[in-house]
Amino acid sequence: MFSLSSIVRLVLLVAATAATVGCASKESRQQKPLRTYAANTTSATETTTTITELQFEAKRFGDLITLPRFETTPEEVVTTTDDVLVQADLGLDRIAAQELSSASFDSTILAIDDVLYPVITVINRLFLIKETSPDAAVRAAATEQVQRMQDWFTEVQYREDVYAACKAFESAYQAGRRPRLFSEDLRLFDETMRDYRRAGLHLDASTRAQVEALQKELTALSTAFNTNITNADVTVYFTEAEMAGAPDFLIEQAREQGKVEGGVQMYGIKATVTPQFVQAMQNMKNEAARKKLKTARYSIVQEENTALLNDMIRVRDEIASALGYDSWDDYQIEPKMAGTGARAMTFVSDLSDGLEPKFQAELAEMAALKAADTGDRNAVIEHWDWRYYENQLKKRKYDIDVEALRVYFPLKQTLAGMFDIFEEIFQIRIDRIESTWVWYEGVALYAVSDSITGEPMGLFYLDMFPREGKYNHFAQFDIIGGKQLRNGQFQRPVCALVCNFTPARGEAPSLLSHAEVETLFHEFGHAMHTILTRAGHARFAGTNVPRDFVEAPSQMLEAWVWDTDVLDRFAADYRDPSKKIDPEVLARMEEAKNATVATLYRRQLAFGIADLRMHDAGEYKDSQEIMNEALAEVFLAAPAGTNLAAYWGHLTGYDAGYYGYAWADAIAADLATAFEESPDGLMSQEIGRRLRDEIYAPGGSRDVERSIRAFLGRDRSLDPFIEQLGIED
């Protein structure tokens, strides 16, 4: 899934001074014992440290490690917001009050970044709280204050007095009356002034006021849309017969979530908990039951959110038009790699067309399985069939039972193994932080340090299991962004991985599917991108890169879980550690994956095309009509009367950007060739260090095409991706 880095994407982002990070010492700290674990246990022997030790060590390198303080009451949430906005307003007033004839880079561009950084830190923290707090009142308060701060950012964007100070510096700079800017400073200056233009500050007062009002309206609509998704809790009930085929652990979970109706035990599947939904759709034999569950999933908050989404699209159209853009697509994609909506649409459309022969062949193969099951020679694959028959294809043709592989991936064992792998290739070490307050029991905190110098690099939290009111998918959330401070210290980042794995049941530990292990590696890649930053300005730190690139470094890391040598480092049957995954099984899994790759991508491309069409030129679009037409045209027709778009959280934050997943996948396939061509393969420390230094460390501080060239040693190519998909010329 995706990285939820700083959520303020349409406003001026923070930055600070561009001084070089100071390292007081290059001595290696005394090495603690390596992490060890037994394959037949559910826990790892982890190296641990205290936050005090870590903070002391950070000072030696001129770094700052800050432990976040999470608000626990609605009153604290409001007070925190009040305080940070008061201080920020005072800071902006000082910028506006300066003598314009002496305006400098430090007193305008950097000063704005200094003022905004604490606000973005608070909004990131409250955004995480609203998605994870177990207290509904705290979530509600955080939601209100996040919207309040988003409105504030919109107002800041339109402060003409602050803009006047920046324009005064720009004029002096362009006239040669200010020192030349280089590297990150120049990029920060260019992008800050570009953001003012994109906000419409160059337009007349009436148009600016119109755009500001529309931006606030969009914020309110987006907040309501997301809140409805987060608060949704839909359980679909089935008889015991309808549950046939579901794995035992899911049946037991469904029994606990069920009810007795007319003396009959009914089993409950939560359509709003993605792992439960996917497991049920992959395994339940009864087609009517699958259709019932799929229809429920595609109808979640439809009544509440369809009108909100249509209004959001309308407002976006109006904003784009007022700013002089042909469409919201063009507005949103302008700062990304694709550049224009037309280029993004050409990419997804051409890719969809190229996959058409393979997609039809895959559907035919799945339809043959359905025909054998039903006796209907004319059987066709419906939208509620594809997950089931994709799984059946793996079982029947490739002799793979994906659920049977869970025993090899106990969560704690898998985490320990993943940590070891990334420690080796990125030359880091990961330690558990002791005695730390967290927002929910079971949430854990870890520190990342450079394994050679001992320099602390940052912190990350793990929140691994579903609960009521919690964000229901998988994502990385920024908490504190990396930033070079004015006092010379570098604020190291803090982030969180929010996941929804199946909890332990009875004597069995939490067991992950192979696909969930892929997801874990992917999301941890986002954490590495965040934590290993060396960008001086917070605006460019970590995952603050073009949104159609941000998934590429993480997507690439999914390849690690398809390598036998890598998996043998940690994957073992928790009941008998001598049992490893048969390499032939993994080979068949990869063959099966390639056998349905067109189906998976056509689904993703249908979403991407629907997103772009919703945000293309034109007014008063019907999201339900666009969504369902794209699915029917590019993938499979959705259940009648449903509107998945109403439950599609990507439409706030990734709006006009879903194409970026496939775009990033194409880059990821190319990046992976550097490891594949190395003598040491996926465990190459040389290539891992190059990934860290050329991709993760610079973040958005330089053009990402330059970073890609620095990593690959050449311009990027689509050929590895085309070959991976099996598309023939």
# chains A, B, ... in the order shown; residues from 1 in each chain; ligands from 1
call {"tool": "closest_atom_pairs", "arguments": {"of": "range 507-598 of chain A", "to": "range 436-460 of chain A", "cutoff": "8 Å", "atoms": "only C-alpha atoms", "output": "tab-separated table"}}
result
residue	atom	partner	partner_atom	distance
A:Ala527	CA	A:Phe460	CA	7.3
A:Ile531	CA	A:Gly458	CA	5.4
A:Leu532	CA	A:Met457	CA	6.3
call {"tool": "write_last_selection", "arguments": {"atoms": "N, CA and C atoms", "output": "PDB file, in the first residue's frame"}}
result
ATOM      1  N   ALA A 527       9.256   3.025   5.577  1.00  0.00           N
ATOM      2  CA  ALA A 527       9.888   3.461   6.828  1.00  0.00           C
ATOM      3  C   ALA A 527      11.377   3.723   6.624  1.00  0.00           C
ATOM      4  N   ILE A 531      13.304   7.180   7.354  1.00  0.00           N
ATOM      5  CA  ILE A 531      14.292   7.249   8.431  1.00  0.00           C
ATOM      6  C   ILE A 531      15.711   7.501   7.928  1.00  0.00           C
ATOM      7  N   LEU A 532      16.053   6.991   6.766  1.00  0.00           N
ATOM      8  CA  LEU A 532      17.433   7.088   6.285  1.00  0.00           C
ATOM      9  C   LEU A 532      17.705   8.390   5.529  1.00  0.00           C
TER      10      LEU A 532
END
call {"tool": "residues_around", "arguments": {"residues": "Gln476 in chain A", "least_positions_apart": "4", "cutoff": "12 Å", "atoms": "only C-alpha atoms", "output": "PyMOL selection string"}}
result
chain A and resi 1-7+124+127-128+131+460-464+471+494-499+519-531+542-543+550-551+554
call {"tool": "closest_residue", "arguments": {"among": "A:Leu355, A:Glu677, A:Ile433, A:Gln491", "to": "Glu728 in chain A", "atoms": "only C-alpha atoms"}}
result
A:Leu355
call {"tool": "residues_around", "arguments": {"residues": "Ala606 in chain A", "least_positions_apart": "3", "cutoff": "7 Å", "atoms": "only C-alpha atoms", "output": "short mmCIF file (atom, residue, chain, number, x, y, z; two decimals) with N, CA and C atoms, in the first residue's frame"}}
result
data_model
loop_
_atom_site.label_atom_id
_atom_site.label_comp_id
_atom_site.auth_asym_id
_atom_site.auth_seq_id
_atom_site.Cartn_x
_atom_site.Cartn_y
_atom_site.Cartn_z
N ARG A 602 -4.81 -5.30 -14.58
CA ARG A 602 -5.97 -4.69 -15.22
C ARG A 602 -6.92 -4.12 -14.16
N ARG A 603 -7.03 -4.78 -13.02
CA ARG A 603 -7.84 -4.24 -11.92
C ARG A 603 -7.25 -2.91 -11.46
N ILE A 609 -7.56 4.49 -14.30
CA ILE A 609 -8.31 5.15 -15.36
C ILE A 609 -9.55 5.85 -14.80
N ALA A 610 -10.25 5.18 -13.88
CA ALA A 610 -11.42 5.81 -13.25
C ALA A 610 -11.02 7.09 -12.53
N ALA A 630 -15.46 2.17 -15.85
CA ALA A 630 -14.05 1.80 -15.97
C ALA A 630 -13.82 0.35 -15.59
N LEU A 631 -14.47 -0.10 -14.52
CA LEU A 631 -14.32 -1.50 -14.11
C LEU A 631 -14.84 -2.44 -15.19
N VAL A 634 -12.35 -2.16 -18.38
CA VAL A 634 -10.95 -2.55 -18.25
C VAL A 634 -10.77 -3.82 -17.43
N PHE A 635 -11.71 -4.10 -16.53
CA PHE A 635 -11.58 -5.26 -15.64
C PHE A 635 -12.83 -6.11 -15.69
#
call {"tool": "select_by_dssp", "arguments": {"residues": "range 170-245 of chain A", "states": "helix (DSSP H, G or I)", "output": "PyMOL selection string"}}
result
chain A and resi 170-174+183-199+205-231
call {"tool": "write_last_selection", "arguments": {"atoms": "C-alpha atoms", "output": "mmCIF file, in the first residue's frame"}}
result
data_model
loop_
_atom_site.group_PDB
_atom_site.id
_atom_site.type_symbol
_atom_site.label_atom_id
_atom_site.label_comp_id
_atom_site.auth_asym_id
_atom_site.auth_seq_id
_atom_site.Cartn_x
_atom_site.Cartn_y
_atom_site.Cartn_z
ATOM 1 C CA GLU A 170 12.549 36.923 -5.602
ATOM 2 C CA SER A 171 12.875 40.293 -7.341
ATOM 3 C CA ALA A 172 16.149 41.056 -5.593
ATOM 4 C CA TYR A 173 17.500 37.599 -6.352
ATOM 5 C CA GLN A 174 16.582 37.736 -10.029
ATOM 6 C CA SER A 183 21.305 22.587 -4.540
ATOM 7 C CA GLU A 184 18.504 22.159 -1.978
ATOM 8 C CA ASP A 185 18.226 25.883 -1.288
ATOM 9 C CA LEU A 186 17.613 26.635 -4.944
ATOM 10 C CA ARG A 187 15.134 23.771 -5.220
ATOM 11 C CA LEU A 188 13.303 24.999 -2.118
ATOM 12 C CA PHE A 189 13.115 28.542 -3.511
ATOM 13 C CA ASP A 190 11.839 27.358 -6.890
ATOM 14 C CA GLU A 191 9.205 25.038 -5.447
ATOM 15 C CA THR A 192 8.006 27.545 -2.853
ATOM 16 C CA MET A 193 7.394 30.167 -5.515
ATOM 17 C CA ARG A 194 5.831 27.532 -7.756
ATOM 18 C CA ASP A 195 3.420 26.682 -4.942
ATOM 19 C CA TYR A 196 2.400 30.317 -4.680
ATOM 20 C CA ARG A 197 1.690 30.317 -8.409
ATOM 21 C CA ARG A 198 -0.268 27.057 -8.106
ATOM 22 C CA ALA A 199 -2.293 28.664 -5.313
ATOM 23 C CA ALA A 205 -7.966 39.420 -5.509
ATOM 24 C CA SER A 206 -11.418 38.171 -6.451
ATOM 25 C CA THR A 207 -10.071 34.967 -8.009
ATOM 26 C CA ARG A 208 -7.741 34.371 -5.080
ATOM 27 C CA ALA A 209 -10.620 34.701 -2.649
ATOM 28 C CA GLN A 210 -12.670 32.283 -4.737
ATOM 29 C CA VAL A 211 -9.877 29.680 -4.781
ATOM 30 C CA GLU A 212 -9.252 30.046 -1.050
ATOM 31 C CA ALA A 213 -12.930 29.464 -0.292
ATOM 32 C CA LEU A 214 -12.996 26.456 -2.603
ATOM 33 C CA GLN A 215 -9.875 24.997 -0.959
ATOM 34 C CA LYS A 216 -11.542 25.243 2.450
ATOM 35 C CA GLU A 217 -14.685 23.624 1.072
ATOM 36 C CA LEU A 218 -12.575 20.803 -0.374
ATOM 37 C CA THR A 219 -10.852 20.279 2.982
ATOM 38 C CA ALA A 220 -14.192 19.946 4.771
ATOM 39 C CA LEU A 221 -15.537 17.522 2.168
ATOM 40 C CA SER A 222 -12.354 15.421 2.242
ATOM 41 C CA THR A 223 -12.353 15.235 6.032
ATOM 42 C CA ALA A 224 -15.979 14.076 6.114
ATOM 43 C CA PHE A 225 -15.312 11.551 3.336
ATOM 44 C CA ASN A 226 -12.317 10.038 5.159
ATOM 45 C CA THR A 227 -14.040 10.047 8.532
ATOM 46 C CA ASN A 228 -16.952 8.048 7.145
ATOM 47 C CA ILE A 229 -14.514 5.481 5.775
ATOM 48 C CA THR A 230 -12.573 5.222 9.028
ATOM 49 C CA ASN A 231 -15.718 4.892 11.146
#
call {"tool": "atom_distance", "arguments": {"atom1": "CA of Ala669 in chain A", "atom2": "CA of Glu723 in chain A"}}
result
9.4 Å
call {"tool": "select_by_dssp", "arguments": {"residues": "range 438-562 of chain A", "states": "strand (DSSP E or B)", "output": "ChimeraX atom specification"}}
result
/A:444-450,456-463,475-480,483-484,490-491,494-498,505,508,511
call {"tool": "residues_around", "arguments": {"residues": "range 388-390 of chain A", "least_positions_apart": "3", "cutoff": "8 Å", "atoms": "only C-alpha atoms", "output": "PyMOL selection string"}}
result
chain A and resi 281-285+366+369-370+384-385+393-394+596
call {"tool": "write_last_selection", "arguments": {"atoms": "C-alpha atoms", "output": "short mmCIF file (atom, residue, chain, number, x, y, z; two decimals), in the first residue's frame"}}
result
data_model
loop_
_atom_site.label_atom_id
_atom_site.label_comp_id
_atom_site.auth_asym_id
_atom_site.auth_seq_id
_atom_site.Cartn_x
_atom_site.Cartn_y
_atom_site.Cartn_z
CA MET A 281 -13.21 -13.96 -1.16
CA GLN A 282 -10.26 -16.21 -1.91
CA ASN A 283 -11.67 -19.29 -0.22
CA MET A 284 -15.47 -19.36 0.11
CA LYS A 285 -16.85 -21.87 -2.40
CA MET A 366 -10.27 -19.24 -14.65
CA LEU A 369 -12.25 -23.93 -13.61
CA LYS A 370 -15.62 -22.37 -12.89
CA TRP A 384 -16.89 -11.70 -7.17
CA ASP A 385 -15.17 -14.73 -8.73
CA LEU A 393 -5.73 -21.88 -10.08
CA LYS A 394 -2.84 -21.83 -7.64
CA THR A 596 -2.52 -14.00 -13.27
#
call {"tool": "residues_around", "arguments": {"residues": "range 102-104 of chain A", "least_positions_apart": "5", "cutoff": "8 Å", "atoms": "only C-alpha atoms", "output": "MDAnalysis selection string"}}
result
chainID A and resid 165:166 168:169 178
call {"tool": "atom_distance", "arguments": {"atom1": "CA of Asp329 in chain A", "atom2": "CA of Asp317 in chain A"}}
result
9.2 Å
call {"tool": "closest_residue", "arguments": {"among": "A:Gln489, A:His514, A:Arg297, A:Ser701", "to": "Arg60 in chain A", "atoms": "only C-alpha atoms"}}
result
A:Gln489
call {"tool": "decode", "arguments": {"residues": "range 675-722 of chain A", "atoms": "N, CA and C atoms", "output": "JSON list (two decimals), in the first residue's frame"}}
result
[["chain", "number", "residue", "atom", "x", "y", "z"],
["A", 675, "PHE", "N", 20.23, -5.08, -8.17],
["A", 675, "PHE", "CA", 20.47, -6.21, -7.27],
["A", 675, "PHE", "C", 20.59, -7.51, -8.06],
["A", 676, "GLU", "N", 19.69, -7.69, -9.01],
["A", 676, "GLU", "CA", 19.67, -8.95, -9.76],
["A", 676, "GLU", "C", 20.96, -9.18, -10.52],
["A", 677, "GLU", "N", 21.61, -8.12, -10.96],
["A", 677, "GLU", "CA", 22.84, -8.25, -11.74],
["A", 677, "GLU", "C", 24.08, -8.29, -10.86],
["A", 678, "SER", "N", 23.91, -8.10, -9.55],
["A", 678, "SER", "CA", 25.04, -8.12, -8.63],
["A", 678, "SER", "C", 25.43, -9.57, -8.29],
["A", 679, "PRO", "N", 26.72, -9.85, -8.13],
["A", 679, "PRO", "CA", 27.14, -11.21, -7.72],
["A", 679, "PRO", "C", 26.53, -11.65, -6.40],
["A", 680, "ASP", "N", 26.23, -10.69, -5.52],
["A", 680, "ASP", "CA", 25.65, -11.02, -4.22],
["A", 680, "ASP", "C", 24.13, -10.98, -4.22],
["A", 681, "GLY", "N", 23.55, -10.72, -5.37],
["A", 681, "GLY", "CA", 22.10, -10.77, -5.50],
["A", 681, "GLY", "C", 21.39, -9.80, -4.58],
["A", 682, "LEU", "N", 20.25, -10.24, -4.04],
["A", 682, "LEU", "CA", 19.42, -9.36, -3.23],
["A", 682, "LEU", "C", 20.06, -8.97, -1.90],
["A", 683, "MET", "N", 21.07, -9.71, -1.48],
["A", 683, "MET", "CA", 21.72, -9.38, -0.21],
["A", 683, "MET", "C", 23.01, -8.57, -0.42],
["A", 684, "SER", "N", 23.13, -7.96, -1.58],
["A", 684, "SER", "CA", 24.33, -7.17, -1.87],
["A", 684, "SER", "C", 24.39, -5.93, -0.99],
["A", 685, "GLN", "N", 25.41, -5.84, -0.16],
["A", 685, "GLN", "CA", 25.59, -4.64, 0.66],
["A", 685, "GLN", "C", 25.99, -3.45, -0.18],
["A", 686, "GLU", "N", 26.74, -3.71, -1.25],
["A", 686, "GLU", "CA", 27.17, -2.62, -2.12],
["A", 686, "GLU", "C", 25.96, -1.93, -2.76],
["A", 687, "ILE", "N", 25.04, -2.74, -3.31],
["A", 687, "ILE", "CA", 23.86, -2.17, -3.96],
["A", 687, "ILE", "C", 22.91, -1.61, -2.92],
["A", 688, "GLY", "N", 22.80, -2.28, -1.78],
["A", 688, "GLY", "CA", 21.95, -1.78, -0.71],
["A", 688, "GLY", "C", 22.41, -0.42, -0.21],
["A", 689, "ARG", "N", 23.71, -0.27, -0.09],
["A", 689, "ARG", "CA", 24.24, 1.02, 0.35],
["A", 689, "ARG", "C", 23.99, 2.08, -0.71],
["A", 690, "ARG", "N", 24.09, 1.70, -1.99],
["A", 690, "ARG", "CA", 23.84, 2.65, -3.06],
["A", 690, "ARG", "C", 22.37, 3.07, -3.08],
["A", 691, "LEU", "N", 21.47, 2.12, -2.79],
["A", 691, "LEU", "CA", 20.05, 2.45, -2.69],
["A", 691, "LEU", "C", 19.82, 3.44, -1.56],
["A", 692, "ARG", "N", 20.47, 3.18, -0.45],
["A", 692, "ARG", "CA", 20.34, 4.07, 0.71],
["A", 692, "ARG", "C", 20.87, 5.46, 0.39],
["A", 693, "ASP", "N", 22.04, 5.54, -0.23],
["A", 693, "ASP", "CA", 22.70, 6.83, -0.45],
["A", 693, "ASP", "C", 22.11, 7.62, -1.61],
["A", 694, "GLU", "N", 21.66, 6.92, -2.67],
["A", 694, "GLU", "CA", 21.24, 7.63, -3.88],
["A", 694, "GLU", "C", 19.73, 7.78, -4.01],
["A", 695, "ILE", "N", 18.96, 6.97, -3.29],
["A", 695, "ILE", "CA", 17.50, 7.06, -3.38],
["A", 695, "ILE", "C", 16.90, 7.52, -2.05],
["A", 696, "TYR", "N", 17.20, 6.78, -0.97],
["A", 696, "TYR", "CA", 16.60, 7.09, 0.32],
["A", 696, "TYR", "C", 17.14, 8.40, 0.91],
["A", 697, "ALA", "N", 18.44, 8.56, 0.93],
["A", 697, "ALA", "CA", 19.03, 9.71, 1.61],
["A", 697, "ALA", "C", 18.63, 11.05, 0.99],
["A", 698, "PRO", "N", 18.71, 11.21, -0.33],
["A", 698, "PRO", "CA", 18.35, 12.53, -0.89],
["A", 698, "PRO", "C", 16.86, 12.81, -0.89],
["A", 699, "GLY", "N", 16.01, 11.78, -0.89],
["A", 699, "GLY", "CA", 14.58, 12.02, -0.93],
["A", 699, "GLY", "C", 14.21, 12.90, -2.12],
["A", 700, "GLY", "N", 13.51, 13.99, -1.85],
["A", 700, "GLY", "CA", 13.11, 14.89, -2.92],
["A", 700, "GLY", "C", 14.03, 16.09, -3.08],
["A", 701, "SER", "N", 15.22, 16.04, -2.47],
["A", 701, "SER", "CA", 16.11, 17.21, -2.50],
["A", 701, "SER", "C", 16.75, 17.42, -3.86],
["A", 702, "ARG", "N", 16.63, 16.45, -4.75],
["A", 702, "ARG", "CA", 17.08, 16.61, -6.13],
["A", 702, "ARG", "C", 16.08, 15.92, -7.04],
["A", 703, "ASP", "N", 16.15, 16.21, -8.31],
["A", 703, "ASP", "CA", 15.24, 15.59, -9.26],
["A", 703, "ASP", "C", 15.37, 14.07, -9.17],
["A", 704, "VAL", "N", 14.23, 13.36, -9.08],
["A", 704, "VAL", "CA", 14.31, 11.92, -8.88],
["A", 704, "VAL", "C", 14.89, 11.21, -10.09],
["A", 705, "GLU", "N", 14.75, 11.78, -11.28],
["A", 705, "GLU", "CA", 15.40, 11.17, -12.45],
["A", 705, "GLU", "C", 16.91, 11.14, -12.25],
["A", 706, "ARG", "N", 17.45, 12.17, -11.62],
["A", 706, "ARG", "CA", 18.88, 12.20, -11.32],
["A", 706, "ARG", "C", 19.23, 11.12, -10.29],
["A", 707, "SER", "N", 18.38, 10.96, -9.29],
["A", 707, "SER", "CA", 18.64, 9.93, -8.27],
["A", 707, "SER", "C", 18.60, 8.53, -8.90],
["A", 708, "ILE", "N", 17.65, 8.30, -9.78],
["A", 708, "ILE", "CA", 17.55, 7.01, -10.45],
["A", 708, "ILE", "C", 18.80, 6.74, -11.28],
["A", 709, "ARG", "N", 19.25, 7.75, -12.02],
["A", 709, "ARG", "CA", 20.47, 7.58, -12.83],
["A", 709, "ARG", "C", 21.68, 7.30, -11.95],
["A", 710, "ALA", "N", 21.75, 7.99, -10.80],
["A", 710, "ALA", "CA", 22.88, 7.78, -9.89],
["A", 710, "ALA", "C", 22.88, 6.36, -9.34],
["A", 711, "PHE", "N", 21.69, 5.82, -9.09],
["A", 711, "PHE", "CA", 21.59, 4.45, -8.56],
["A", 711, "PHE", "C", 21.88, 3.42, -9.64],
["A", 712, "LEU", "N", 21.28, 3.57, -10.81],
["A", 712, "LEU", "CA", 21.41, 2.57, -11.87],
["A", 712, "LEU", "C", 22.69, 2.73, -12.68],
["A", 713, "GLY", "N", 23.23, 3.94, -12.71],
["A", 713, "GLY", "CA", 24.37, 4.19, -13.57],
["A", 713, "GLY", "C", 23.98, 4.38, -15.02],
["A", 714, "ARG", "N", 22.70, 4.62, -15.26],
["A", 714, "ARG", "CA", 22.16, 4.81, -16.62],
["A", 714, "ARG", "C", 20.77, 5.42, -16.51],
["A", 715, "ASP", "N", 20.20, 5.81, -17.65],
["A", 715, "ASP", "CA", 18.82, 6.26, -17.66],
["A", 715, "ASP", "C", 17.90, 5.08, -17.42],
["A", 716, "ARG", "N", 16.74, 5.34, -16.86],
["A", 716, "ARG", "CA", 15.81, 4.26, -16.57],
["A", 716, "ARG", "C", 15.18, 3.71, -17.85],
["A", 717, "SER", "N", 14.67, 2.48, -17.73],
["A", 717, "SER", "CA", 14.10, 1.78, -18.88],
["A", 717, "SER", "C", 12.80, 1.09, -18.48],
["A", 718, "LEU", "N", 11.85, 0.99, -19.42],
["A", 718, "LEU", "CA", 10.61, 0.25, -19.19],
["A", 718, "LEU", "C", 10.76, -1.23, -19.50],
["A", 719, "ASP", "N", 11.86, -1.61, -20.13],
["A", 719, "ASP", "CA", 12.00, -3.00, -20.60],
["A", 719, "ASP", "C", 11.85, -4.04, -19.49],
["A", 720, "PRO", "N", 12.47, -3.86, -18.31],
["A", 720, "PRO", "CA", 12.29, -4.89, -17.26],
["A", 720, "PRO", "C", 10.84, -5.07, -16.85],
["A", 721, "PHE", "N", 10.08, -3.97, -16.79],
["A", 721, "PHE", "CA", 8.67, -4.05, -16.41],
["A", 721, "PHE", "C", 7.85, -4.76, -17.49],
["A", 722, "ILE", "N", 8.08, -4.42, -18.76],
["A", 722, "ILE", "CA", 7.37, -5.06, -19.86],
["A", 722, "ILE", "C", 7.65, -6.56, -19.87]]
